[in-house]
Amino acid sequence: MNSVTSAYTRRNHYQRPLFALSTLAMALLPLCSAQADEFSYPELRYSNSDFGGVGLMQMPTARMQPEGEFTFGTTISSDYHHYWTSLQLLPWLETTVRYTQVPDLYYSGDQNFSGDTLYTDKGIDAKVRLWKESYWLPEVAIGIRDLGGTGLFDGEFIAANKRVGPLDFTLGLGWGYIGQRGNITNPLCKVSDTFCDRNNGFKGNGGSFDTQRWFKGNAALYGGVEYQTPWQPLQLKLEYDGNDYTDDYRTNRGHDMTPKSPFNVGAVYQLTDWATANISYERGTTVSFGLSVNTNFNQLKASWLDEPMPTVTTTPTATELTAEQWQQLAQDVNKIAGYKNPTIYQDGDNSITVVAEQVKYRDRDQAQLRAGILLNNQAPAVKEFKIVETVANQPITETILNRQQLLQVANNDYIGSHIADSRTTAAPQDIQGQPMVDLNKNWNVGVAPTLQQSLGGSEGFYMFNVGVTASADYWFNKHFTVGGSVYLNLYDTYDKFKYDIPPDGTHNKRVRTLVRQYITDNTLRMNNLQLTWLDQVSSDWYAQAYAGYLEVMFGGVGGEVLYRPVGSNWALGLDVNYVKQRDPHSAFGFFKDQTQYDDHLGRPYEVQTGTTTGNLTAYYQPQWQWLPNTLLKVSAGRYLAEDTGVTIDFSKQFDSGIIAGAFISKTSMSAEEYGEGSFNKGFYISIPFDILTVKPSTSRAHISWLPMNRDGGQMLGRQYHLYDLTDGRQPWSGRKAFSN
């Protein structure tokens with residue numbers, strides 16, 4: 001326990017550096033005012049701290065990057081190796097995920113277990129802007145460092161920044177690791193004595209939000225200045241450190257981190273628009289090097305090699321088409337408008353209906369305009385065109401295009417013309433007319449590369465497996481399908497993953513921590529094989545039922561229902577399943593005995609031989625200005641290890657279509673029962689293929705990261721999720737890019 005009362009006896013000593021910093025600031029102000037034109041200096045680009053996120057060196061500032069800025073970086077010194085990613089998730093919210101390795105300290109004392117893997121600490125930071133800088137007021141932000149870690153670097157701060165010409169001044173108040181210098185009395189002590197003491201000890205399992213520490217204990221003023229030199233690539237930094245390192249993790253391990261100076265100096269060099277290098281001299285003892293790369297998820301743009309938009313023909317349309325002409329029309333709708341293997345119906349001179357899945361354009365305006373022009377040019381003359389968009393053969397939406405209004409839009413007959421002027425979208429109705437051509441296929445096959453990876457493990461910092469997944473499904477009719485996939489493991493490093501029983505002594509059913517057996521013990525494995533029934537049971541309700549080998553680790557039976565009106569920003573779903581755990585040493589078998597035995601460790605462990613699991617899930621796309629382009633999912637139910645609780649999943653979509661999200665699951669399993677990490681949580685990024693390739697596509701690449709994948713809060717992996725299948729009703733993953 002550390003008390004701030006010791007700061008009283010040292011106040012005169014700590015006032016000297018603060019006085020020096022204030023004197024320096026006053027000395028620099030005339031330099032700023034002496035500039036005839038502050039715009040003669042290049043624009044100041046905010047740089048990152050050693051810990052990631054915008055800051056000086058050790059200390060954070062109130063500044064933030066533009067929304068969507070994604071930065072990956074590393075900072076190396078003799079004390080710590082930091083590896084971090086920062087994302088400006090919202091205009092007012094900066095998030096950072098960090099791994100810190102401690103040199104010369106191994107993950108465990110057992111060389112047979114962790115080998116030469118360095119001890120690795122995981123941390124999550126968040127910074128919230130309270131208000132922007134104005135003529136009189138500084139920019140102000142509040143933040144928490146290492147809010148879900150082990151407590152090695154946890155701290156809180158309030159910072160203010162003011163720009164004066166090429167100089168950006170920072171003044172902050174820190175607690176915990178940021179305020180260990182204790183040069184002032186914690187102002188919150190005047191509110192309550194409980195704020196005067198702080199437990200700075202190691203939190204063991206980590207992963208918990210220890211609010212009992214926040215803004216407590218020693219407090220310190222810190223500050224600094226960042227100077228944009230006339231040479232655009234170079235910036236200089238000066239910092240007064242709020243930490244005296246007397247309670248640092250390495251200090252307590254016998255490593256001398258005593259500062260010779262409270263001041264840190266550094267330089268930042270912009271290598272390119274997307275790469276930055278920095279060097280600093282800190283505490284009068286330590287040199288630190290850093291490198292980062294960055295991009296902006298809002299500003300990424302696609303560059304496509306695509307078929308041109310068809311033009312409206314003035315040639316009179318035939319009253320009837322031959323079978324070959326209908327076939328050509330369907331192929332053009334597939335290739336040029338992106339409606340895969342369509343079925344086309346004609347209802348006399350009233351309508352022509354296209355029924356198909358859209359696989360090419362996230363921008364439905366473009367897809368529907370292309371399809372409408374093709375139908376106008378090649379099909380018999382009718383009053384309206386209908387497009388019934390499907391997924392997995394289930395109708396999702398029906399779009400009706402008035403032919404005459406569509407032609408006016410296609411020909412730009414009036415200012416501000418838009419396809420929405422000719423369009424109405426609603427729940428699909430019974431299809432009118434006779435089928436004229438049907439390209440729909442009963443068989444679907446595919447082959448795709450697969451990468452699975454994990455970071456920060458005890459046996460190895462980075463482990464992965466790479467292989468090929470082949471999938472196939474057969475549709476008996478519009479509702480029944482059988483399908484599955486097979487994975488061929490080409491290479492993996494999961495042989496480092498040695499335990500079947502986590503070494504922290506937890507005794508949960510091993511519903512996920514047996515991953516090594518499923519990967520390394522099976523070069524060729526069946527991922528899933530199941531029979532599925534899907535249906536739109538009414539205008540706003542969808543349902544599915546399934547049975548078989550549902551995922552890599554589990555098989556069983558289950559079902560799901562979803563209520564989702566067209567155009568609604570909310571939906572409600574329920575899934576219920578009965579599952580058993582698959583035996584990784586049998587292609588088709590399941591575990592029969594709940595108790596298994598680990599020959600390596602010489603002790604038993606438990607597996608799941610049968611349980612009911614499921615969740616009630618609410619989906620909501622907020623319409624609030626301060627949470628633009630976001631999706632919130634809240635699930636409550638029972639998990640695979642028979643724990644019960646709630647999962648909250650929040651994601652943000654940027655203008656390019658990239659989605660970044662995070663989830664947490666809090667269940668009846670306590671932090672001690674859960675083990676390292678305290679509770680289930682993870683992060684993910686979903687990237688549209690059409691910003692990675694030269695062809696438009698509605699497909700996505702998914703990258704997920706779990707700081708620690710344990711057995712609590714684990715959901716069943718299912719082949720189909722009705723909310724994803726019905727995305728077209730209120731597009732989320734299928735939204736058009738706004739940056740193109």
# chains A, B, ... in the order shown; residues from 1 in each chain; ligands from 1

$ residues_around --residues "Thr693 of chain A" --least-positions-apart "3" --cutoff "10 Å" --atoms "only C-alpha atoms" --output "ChimeraX atom specification"
/A:302-305,688-690,696-697

$ closest_atom_pairs --of "segment 475-576 of chain A" --to "segment 600-618 of chain A" --cutoff "12 Å" --atoms "only C-alpha atoms" --output "Markdown table"
| residue | atom | partner | partner_atom | distance |
| --- | --- | --- | --- | --- |
| A:Lys498 | CA | A:His600 | CA | 8.7 |
| A:Tyr499 | CA | A:Leu601 | CA | 7.9 |
| A:Asp500 | CA | A:Tyr605 | CA | 8.0 |
| A:Ile501 | CA | A:Tyr605 | CA | 6.7 |
| A:Pro502 | CA | A:Tyr605 | CA | 9.9 |
| A:Pro503 | CA | A:Leu601 | CA | 9.5 |
| A:Gly505 | CA | A:Tyr605 | CA | 10.4 |
| A:Thr506 | CA | A:Tyr605 | CA | 9.7 |
| A:His507 | CA | A:Tyr605 | CA | 7.1 |
| A:Asn508 | CA | A:Glu606 | CA | 7.0 |
| A:Lys509 | CA | A:Val607 | CA | 4.8 |
| A:Arg510 | CA | A:Val607 | CA | 5.2 |
| A:Val511 | CA | A:Val607 | CA | 6.5 |
| A:Arg512 | CA | A:Val607 | CA | 9.6 |
| A:Thr513 | CA | A:Val607 | CA | 10.1 |
| A:Leu514 | CA | A:Val607 | CA | 9.1 |
| A:Met553 | CA | A:Gln608 | CA | 10.0 |
| A:Phe554 | CA | A:Gln608 | CA | 9.1 |
| A:Gly555 | CA | A:Gly610 | CA | 9.7 |
| A:Gly556 | CA | A:Gly610 | CA | 8.9 |
| A:Val557 | CA | A:Thr612 | CA | 9.8 |
| A:Gly558 | CA | A:Gly614 | CA | 8.8 |
| A:Gly559 | CA | A:Gly614 | CA | 9.3 |
| A:Glu560 | CA | A:Gly614 | CA | 9.1 |
| A:Val561 | CA | A:Leu616 | CA | 9.8 |
| A:Leu562 | CA | A:Thr617 | CA | 9.2 |
| A:Tyr563 | CA | A:Ala618 | CA | 9.9 |
| A:Arg564 | CA | A:Ala618 | CA | 10.5 |
| A:Asn569 | CA | A:Ala618 | CA | 10.8 |
| A:Trp570 | CA | A:Ala618 | CA | 7.4 |
| A:Ala571 | CA | A:Ala618 | CA | 6.0 |
| A:Leu572 | CA | A:Ala618 | CA | 4.7 |
| A:Gly573 | CA | A:Thr617 | CA | 5.2 |
| A:Leu574 | CA | A:Leu616 | CA | 4.5 |
| A:Asp575 | CA | A:Gly614 | CA | 5.2 |
| A:Val576 | CA | A:Gly614 | CA | 4.3 |

$ closest_residue --among "A:Lys736, A:Tyr487, A:Lys360, A:Thr726" --to "Asp540 of chain A" --atoms "only C-alpha atoms"
A:Thr726

$ select_by_dssp --residues "segment 231-379 of chain A" --states "strand (DSSP E)" --output "PyMOL selection string"
chain A and resi 234-240+263-272+275-282+286-296+339-347+351-358

$ residues_around --residues "Ala275 of chain A" --least-positions-apart "2" --cutoff "8 Å" --atoms "only C-alpha atoms" --output "list in words"
Gln270, Leu271, Thr272, Asp273, Ala277, Leu291, Ser292, Val293 and Asn294 of chain A

$ write_last_selection --atoms "N, CA, C and O atoms" --output "PDB file, in the first residue's frame"
ATOM      1  N   GLN A 270       9.408  11.896 -39.012  1.00  0.00           N
ATOM      2  CA  GLN A 270       8.391  11.342 -39.901  1.00  0.00           C
ATOM      3  C   GLN A 270       9.081  10.766 -41.128  1.00  0.00           C
ATOM      4  O   GLN A 270       9.524  11.491 -42.027  1.00  0.00           O
ATOM      5  N   LEU A 271       9.201   9.427 -41.173  1.00  0.00           N
ATOM      6  CA  LEU A 271       9.881   8.775 -42.288  1.00  0.00           C
ATOM      7  C   LEU A 271       9.096   8.921 -43.582  1.00  0.00           C
ATOM      8  O   LEU A 271       9.660   9.247 -44.635  1.00  0.00           O
ATOM      9  N   THR A 272       7.799   8.643 -43.512  1.00  0.00           N
ATOM     10  CA  THR A 272       6.878   8.806 -44.641  1.00  0.00           C
ATOM     11  C   THR A 272       5.534   9.229 -44.051  1.00  0.00           C
ATOM     12  O   THR A 272       5.405   9.410 -42.834  1.00  0.00           O
ATOM     13  N   ASP A 273       4.532   9.350 -44.900  1.00  0.00           N
ATOM     14  CA  ASP A 273       3.196   9.661 -44.397  1.00  0.00           C
ATOM     15  C   ASP A 273       2.645   8.556 -43.512  1.00  0.00           C
ATOM     16  O   ASP A 273       1.723   8.781 -42.736  1.00  0.00           O
ATOM     17  N   ALA A 277       9.620   7.308 -36.804  1.00  0.00           N
ATOM     18  CA  ALA A 277      10.650   6.799 -35.902  1.00  0.00           C
ATOM     19  C   ALA A 277      10.884   7.829 -34.807  1.00  0.00           C
ATOM     20  O   ALA A 277      10.718   9.039 -35.019  1.00  0.00           O
ATOM     21  N   LEU A 291       9.330   2.830 -33.266  1.00  0.00           N
ATOM     22  CA  LEU A 291       8.952   2.827 -34.673  1.00  0.00           C
ATOM     23  C   LEU A 291       7.466   2.528 -34.754  1.00  0.00           C
ATOM     24  O   LEU A 291       6.959   1.648 -34.046  1.00  0.00           O
ATOM     25  N   SER A 292       6.754   3.257 -35.604  1.00  0.00           N
ATOM     26  CA  SER A 292       5.317   3.021 -35.766  1.00  0.00           C
ATOM     27  C   SER A 292       4.915   3.207 -37.214  1.00  0.00           C
ATOM     28  O   SER A 292       5.552   3.958 -37.961  1.00  0.00           O
ATOM     29  N   VAL A 293       3.855   2.506 -37.597  1.00  0.00           N
ATOM     30  CA  VAL A 293       3.246   2.672 -38.916  1.00  0.00           C
ATOM     31  C   VAL A 293       1.770   2.948 -38.708  1.00  0.00           C
ATOM     32  O   VAL A 293       1.172   2.520 -37.722  1.00  0.00           O
ATOM     33  N   ASN A 294       1.176   3.663 -39.645  1.00  0.00           N
ATOM     34  CA  ASN A 294      -0.214   4.079 -39.447  1.00  0.00           C
ATOM     35  C   ASN A 294      -0.963   4.149 -40.769  1.00  0.00           C
ATOM     36  O   ASN A 294      -0.377   4.275 -41.843  1.00  0.00           O
TER      37      ASN A 294
END

$ residues_around --residues "segment 380-395 of chain A" --least-positions-apart "4" --cutoff "7 Å" --atoms "only C-alpha atoms" --output "NGL selection string"
:A and (317-320 or 349-358 or 372 or 399-403 or 428 or 478 or 535-536 or 725)

$ write_last_selection --atoms "N, CA and C atoms" --output "PDB file, in the first residue's frame"
ATOM      1  N   THR A 317     -37.695  -2.466 -77.087  1.00  0.00           N
ATOM      2  CA  THR A 317     -37.532  -3.757 -76.426  1.00  0.00           C
ATOM      3  C   THR A 317     -38.456  -4.790 -77.061  1.00  0.00           C
ATOM      4  N   ALA A 318     -37.970  -5.989 -77.229  1.00  0.00           N
ATOM      5  CA  ALA A 318     -38.782  -7.070 -77.795  1.00  0.00           C
ATOM      6  C   ALA A 318     -39.907  -7.427 -76.843  1.00  0.00           C
ATOM      7  N   THR A 319     -41.022  -7.860 -77.421  1.00  0.00           N
ATOM      8  CA  THR A 319     -42.161  -8.251 -76.581  1.00  0.00           C
ATOM      9  C   THR A 319     -41.957  -9.628 -75.977  1.00  0.00           C
ATOM     10  N   GLU A 320     -41.149 -10.453 -76.625  1.00  0.00           N
ATOM     11  CA  GLU A 320     -40.844 -11.772 -76.106  1.00  0.00           C
ATOM     12  C   GLU A 320     -39.358 -12.054 -76.326  1.00  0.00           C
ATOM     13  N   ASP A 349     -47.187  -7.762 -68.641  1.00  0.00           N
ATOM     14  CA  ASP A 349     -46.580  -6.448 -68.840  1.00  0.00           C
ATOM     15  C   ASP A 349     -46.531  -5.648 -67.543  1.00  0.00           C
ATOM     16  N   ASN A 350     -46.756  -6.337 -66.403  1.00  0.00           N
ATOM     17  CA  ASN A 350     -46.727  -5.647 -65.104  1.00  0.00           C
ATOM     18  C   ASN A 350     -45.319  -5.557 -64.517  1.00  0.00           C
ATOM     19  N   SER A 351     -44.621  -6.694 -64.444  1.00  0.00           N
ATOM     20  CA  SER A 351     -43.336  -6.671 -63.737  1.00  0.00           C
ATOM     21  C   SER A 351     -42.422  -7.785 -64.207  1.00  0.00           C
ATOM     22  N   ILE A 352     -41.148  -7.560 -63.979  1.00  0.00           N
ATOM     23  CA  ILE A 352     -40.114  -8.583 -64.104  1.00  0.00           C
ATOM     24  C   ILE A 352     -39.385  -8.628 -62.763  1.00  0.00           C
ATOM     25  N   THR A 353     -39.208  -9.837 -62.236  1.00  0.00           N
ATOM     26  CA  THR A 353     -38.628 -10.002 -60.902  1.00  0.00           C
ATOM     27  C   THR A 353     -37.330 -10.785 -60.984  1.00  0.00           C
ATOM     28  N   VAL A 354     -36.291 -10.246 -60.360  1.00  0.00           N
ATOM     29  CA  VAL A 354     -34.996 -10.922 -60.240  1.00  0.00           C
ATOM     30  C   VAL A 354     -34.859 -11.411 -58.803  1.00  0.00           C
ATOM     31  N   VAL A 355     -34.582 -12.688 -58.625  1.00  0.00           N
ATOM     32  CA  VAL A 355     -34.390 -13.273 -57.291  1.00  0.00           C
ATOM     33  C   VAL A 355     -32.964 -13.807 -57.227  1.00  0.00           C
ATOM     34  N   ALA A 356     -32.137 -13.213 -56.345  1.00  0.00           N
ATOM     35  CA  ALA A 356     -30.736 -13.626 -56.280  1.00  0.00           C
ATOM     36  C   ALA A 356     -30.060 -12.966 -55.080  1.00  0.00           C
ATOM     37  N   GLU A 357     -28.874 -13.464 -54.779  1.00  0.00           N
ATOM     38  CA  GLU A 357     -28.035 -12.887 -53.714  1.00  0.00           C
ATOM     39  C   GLU A 357     -27.074 -11.877 -54.327  1.00  0.00           C
ATOM     40  N   GLN A 358     -26.906 -10.735 -53.662  1.00  0.00           N
ATOM     41  CA  GLN A 358     -25.961  -9.724 -54.117  1.00  0.00           C
ATOM     42  C   GLN A 358     -24.579 -10.038 -53.537  1.00  0.00           C
ATOM     43  N   GLY A 372     -31.436  -2.549 -63.119  1.00  0.00           N
ATOM     44  CA  GLY A 372     -32.581  -1.902 -63.750  1.00  0.00           C
ATOM     45  C   GLY A 372     -32.320  -1.532 -65.192  1.00  0.00           C
ATOM     46  N   THR A 399     -37.138  -4.982 -53.519  1.00  0.00           N
ATOM     47  CA  THR A 399     -37.017  -3.612 -54.011  1.00  0.00           C
ATOM     48  C   THR A 399     -37.797  -3.479 -55.316  1.00  0.00           C
ATOM     49  N   ILE A 400     -38.685  -2.513 -55.376  1.00  0.00           N
ATOM     50  CA  ILE A 400     -39.510  -2.264 -56.561  1.00  0.00           C
ATOM     51  C   ILE A 400     -39.033  -0.982 -57.223  1.00  0.00           C
ATOM     52  N   LEU A 401     -38.670  -1.071 -58.500  1.00  0.00           N
ATOM     53  CA  LEU A 401     -38.191   0.063 -59.280  1.00  0.00           C
ATOM     54  C   LEU A 401     -39.229   0.418 -60.340  1.00  0.00           C
ATOM     55  N   ASN A 402     -39.755   1.646 -60.282  1.00  0.00           N
ATOM     56  CA  ASN A 402     -40.658   2.133 -61.322  1.00  0.00           C
ATOM     57  C   ASN A 402     -39.842   2.387 -62.589  1.00  0.00           C
ATOM     58  N   ARG A 403     -40.234   1.751 -63.682  1.00  0.00           N
ATOM     59  CA  ARG A 403     -39.400   1.787 -64.872  1.00  0.00           C
ATOM     60  C   ARG A 403     -39.227   3.201 -65.416  1.00  0.00           C
ATOM     61  N   PRO A 428     -40.232  -9.032 -48.511  1.00  0.00           N
ATOM     62  CA  PRO A 428     -40.595  -9.755 -49.741  1.00  0.00           C
ATOM     63  C   PRO A 428     -42.018 -10.321 -49.685  1.00  0.00           C
ATOM     64  N   LYS A 478     -35.377 -24.980 -51.252  1.00  0.00           N
ATOM     65  CA  LYS A 478     -35.070 -23.633 -50.773  1.00  0.00           C
ATOM     66  C   LYS A 478     -34.865 -23.564 -49.255  1.00  0.00           C
ATOM     67  N   ASP A 535     -35.867 -20.692 -42.956  1.00  0.00           N
ATOM     68  CA  ASP A 535     -37.127 -20.227 -43.527  1.00  0.00           C
ATOM     69  C   ASP A 535     -37.440 -18.817 -43.031  1.00  0.00           C
ATOM     70  N   GLN A 536     -38.093 -18.037 -43.907  1.00  0.00           N
ATOM     71  CA  GLN A 536     -38.733 -16.795 -43.488  1.00  0.00           C
ATOM     72  C   GLN A 536     -40.161 -17.178 -43.118  1.00  0.00           C
ATOM     73  N   LEU A 725     -27.354 -13.177 -41.806  1.00  0.00           N
ATOM     74  CA  LEU A 725     -28.041 -13.535 -43.045  1.00  0.00           C
ATOM     75  C   LEU A 725     -29.006 -12.448 -43.492  1.00  0.00           C
TER      76      LEU A 725
END

$ residues_around --residues "Gln101 of chain A" --least-positions-apart "2" --cutoff "10 Å" --atoms "only C-alpha atoms" --output "list in words"
Ile76, Asp79, Tyr80, His81, His82, Tyr83, Arg98, Tyr99, Pro103, Asp104, Leu105, Tyr106, Tyr107, Thr117, Leu118, Tyr119, Thr120, Asp121, Lys122, Gly456 and Phe461 of chain A

$ write_last_selection --atoms "C-alpha atoms" --output "PDB file, in the first residue's frame"
ATOM      1  CA  ILE A  76      12.300  -0.683 -27.082  1.00  0.00           C
ATOM      2  CA  ASP A  79      13.740  -1.654 -19.212  1.00  0.00           C
ATOM      3  CA  TYR A  80      10.731  -2.707 -21.306  1.00  0.00           C
ATOM      4  CA  HIS A  81       9.709  -3.738 -24.803  1.00  0.00           C
ATOM      5  CA  HIS A  82       6.287  -2.278 -25.645  1.00  0.00           C
ATOM      6  CA  TYR A  83       4.250  -3.527 -28.638  1.00  0.00           C
ATOM      7  CA  ARG A  98      -0.500  -3.167 -25.591  1.00  0.00           C
ATOM      8  CA  TYR A  99       1.858  -6.045 -24.831  1.00  0.00           C
ATOM      9  CA  PRO A 103      13.819  -8.264 -20.676  1.00  0.00           C
ATOM     10  CA  ASP A 104      15.759 -10.934 -18.762  1.00  0.00           C
ATOM     11  CA  LEU A 105      12.598 -12.161 -17.027  1.00  0.00           C
ATOM     12  CA  TYR A 106      11.018 -15.372 -18.266  1.00  0.00           C
ATOM     13  CA  TYR A 107       7.310 -16.150 -18.253  1.00  0.00           C
ATOM     14  CA  THR A 117       9.542 -16.771 -23.612  1.00  0.00           C
ATOM     15  CA  LEU A 118       9.820 -13.415 -21.841  1.00  0.00           C
ATOM     16  CA  TYR A 119       7.315 -12.390 -19.229  1.00  0.00           C
ATOM     17  CA  THR A 120       4.557 -10.525 -21.081  1.00  0.00           C
ATOM     18  CA  ASP A 121       2.047  -8.095 -19.589  1.00  0.00           C
ATOM     19  CA  LYS A 122      -1.150  -7.176 -21.436  1.00  0.00           C
ATOM     20  CA  GLY A 456       0.984 -13.173 -25.643  1.00  0.00           C
ATOM     21  CA  PHE A 461       4.543 -14.789 -27.675  1.00  0.00           C
TER      22      PHE A 461
END

$ closest_atom_pairs --of "segment 288-347 of chain A" --to "segment 640-660 of chain A" --cutoff "12 Å" --atoms "only C-alpha atoms" --output "JSON lines"
{"residue": "A:Thr295", "atom": "CA", "partner": "A:Ser656", "partner_atom": "CA", "distance": 11.8}
{"residue": "A:Asn296", "atom": "CA", "partner": "A:Ser656", "partner_atom": "CA", "distance": 9.2}
{"residue": "A:Phe297", "atom": "CA", "partner": "A:Phe654", "partner_atom": "CA", "distance": 6.0}
{"residue": "A:Asn298", "atom": "CA", "partner": "A:Asp655", "partner_atom": "CA", "distance": 4.6}
{"residue": "A:Gln299", "atom": "CA", "partner": "A:Ser656", "partner_atom": "CA", "distance": 6.6}
{"residue": "A:Leu300", "atom": "CA", "partner": "A:Ser656", "partner_atom": "CA", "distance": 5.6}
{"residue": "A:Lys301", "atom": "CA", "partner": "A:Ser656", "partner_atom": "CA", "distance": 6.3}
{"residue": "A:Ala302", "atom": "CA", "partner": "A:Ser656", "partner_atom": "CA", "distance": 8.2}
{"residue": "A:Ser303", "atom": "CA", "partner": "A:Ser656", "partner_atom": "CA", "distance": 11.9}

$ write_last_selection --atoms "C-alpha atoms" --output "PDB file, in the first residue's frame"
ATOM      1  CA  THR A 295      -3.192   4.288 -41.745  1.00  0.00           C
ATOM      2  CA  ASN A 296      -6.670   5.752 -41.494  1.00  0.00           C
ATOM      3  CA  PHE A 297      -9.704   3.484 -41.717  1.00  0.00           C
ATOM      4  CA  ASN A 298     -11.924   6.377 -42.808  1.00  0.00           C
ATOM      5  CA  GLN A 299      -9.691   7.397 -45.681  1.00  0.00           C
ATOM      6  CA  LEU A 300      -8.895   4.041 -47.286  1.00  0.00           C
ATOM      7  CA  LYS A 301     -10.368   3.887 -50.772  1.00  0.00           C
ATOM      8  CA  ALA A 302     -10.916   1.096 -53.236  1.00  0.00           C
ATOM      9  CA  SER A 303      -9.594   1.152 -56.779  1.00  0.00           C
TER      10      SER A 303
END

$ residues_around --residues "Ser454 of chain A" --least-positions-apart "3" --cutoff "9 Å" --atoms "only C-alpha atoms" --output "PyMOL selection string"
chain A and resi 457+461-464+705-709

$ residues_around --residues "Gln65 of chain A" --least-positions-apart "6" --cutoff "8 Å" --atoms "only C-alpha atoms" --output "PDB file with C-alpha atoms, in the first residue's frame"
ATOM      1  CA  TYR A  46       0.615  14.481 -32.974  1.00  0.00           C
ATOM      2  CA  VAL A  54      -0.896  10.197 -28.467  1.00  0.00           C
ATOM      3  CA  GLN A  88      -9.101   6.457 -32.768  1.00  0.00           C
TER       4      GLN A  88
END

$ atom_distance --atom1 "atom CA of Arg163 of chain A" --atom2 "atom CA of Arg181 of chain A"
26.3 Å

$ decode --residues "segment 366-371 of chain A" --atoms "all heavy atoms" --output "mmCIF file, in the first residue's frame"
data_model
loop_
_atom_site.group_PDB
_atom_site.id
_atom_site.type_symbol
_atom_site.label_atom_id
_atom_site.label_comp_id
_atom_site.auth_asym_id
_atom_site.auth_seq_id
_atom_site.Cartn_x
_atom_site.Cartn_y
_atom_site.Cartn_z
ATOM 1 N N GLN A 366 -25.841 1.234 -56.621
ATOM 2 C CA GLN A 366 -25.179 0.913 -57.875
ATOM 3 C C GLN A 366 -25.661 -0.424 -58.428
ATOM 4 O O GLN A 366 -25.911 -0.555 -59.636
ATOM 5 C CB GLN A 366 -23.657 0.882 -57.684
ATOM 6 C CG GLN A 366 -22.911 0.574 -58.962
ATOM 7 C CD GLN A 366 -21.426 0.839 -58.882
ATOM 8 O OE1 GLN A 366 -20.728 0.631 -59.857
ATOM 9 N NE2 GLN A 366 -20.932 1.296 -57.740
ATOM 10 N N ALA A 367 -25.809 -1.416 -57.551
ATOM 11 C CA ALA A 367 -26.245 -2.737 -58.003
ATOM 12 C C ALA A 367 -27.637 -2.665 -58.615
ATOM 13 O O ALA A 367 -27.902 -3.235 -59.689
ATOM 14 C CB ALA A 367 -26.226 -3.714 -56.829
ATOM 15 N N GLN A 368 -28.559 -1.961 -57.958
ATOM 16 C CA GLN A 368 -29.938 -1.892 -58.438
ATOM 17 C C GLN A 368 -30.051 -1.057 -59.707
ATOM 18 O O GLN A 368 -30.838 -1.393 -60.609
ATOM 19 C CB GLN A 368 -30.828 -1.333 -57.334
ATOM 20 C CG GLN A 368 -30.969 -2.283 -56.147
ATOM 21 C CD GLN A 368 -31.548 -1.629 -54.920
ATOM 22 O OE1 GLN A 368 -31.958 -0.460 -54.960
ATOM 23 N NE2 GLN A 368 -31.592 -2.353 -53.812
ATOM 24 N N LEU A 369 -29.263 0.004 -59.811
ATOM 25 C CA LEU A 369 -29.290 0.814 -61.028
ATOM 26 C C LEU A 369 -28.766 0.006 -62.209
ATOM 27 O O LEU A 369 -29.347 0.031 -63.310
ATOM 28 C CB LEU A 369 -28.464 2.084 -60.836
ATOM 29 C CG LEU A 369 -28.430 3.056 -62.024
ATOM 30 C CD1 LEU A 369 -29.849 3.523 -62.374
ATOM 31 C CD2 LEU A 369 -27.528 4.251 -61.728
ATOM 32 N N ARG A 370 -27.682 -0.736 -62.006
ATOM 33 C CA ARG A 370 -27.146 -1.575 -63.079
ATOM 34 C C ARG A 370 -28.172 -2.626 -63.502
ATOM 35 O O ARG A 370 -28.401 -2.842 -64.707
ATOM 36 C CB ARG A 370 -25.863 -2.259 -62.602
ATOM 37 C CG ARG A 370 -24.641 -1.351 -62.546
ATOM 38 C CD ARG A 370 -23.475 -2.022 -61.844
ATOM 39 N NE ARG A 370 -22.269 -1.209 -61.940
ATOM 40 C CZ ARG A 370 -21.266 -1.414 -62.793
ATOM 41 N NH1 ARG A 370 -21.337 -2.439 -63.632
ATOM 42 N NH2 ARG A 370 -20.213 -0.625 -62.816
ATOM 43 N N ALA A 371 -28.798 -3.292 -62.533
ATOM 44 C CA ALA A 371 -29.785 -4.319 -62.858
ATOM 45 C C ALA A 371 -30.980 -3.712 -63.576
ATOM 46 O O ALA A 371 -31.498 -4.283 -64.556
ATOM 47 C CB ALA A 371 -30.231 -5.031 -61.583
#
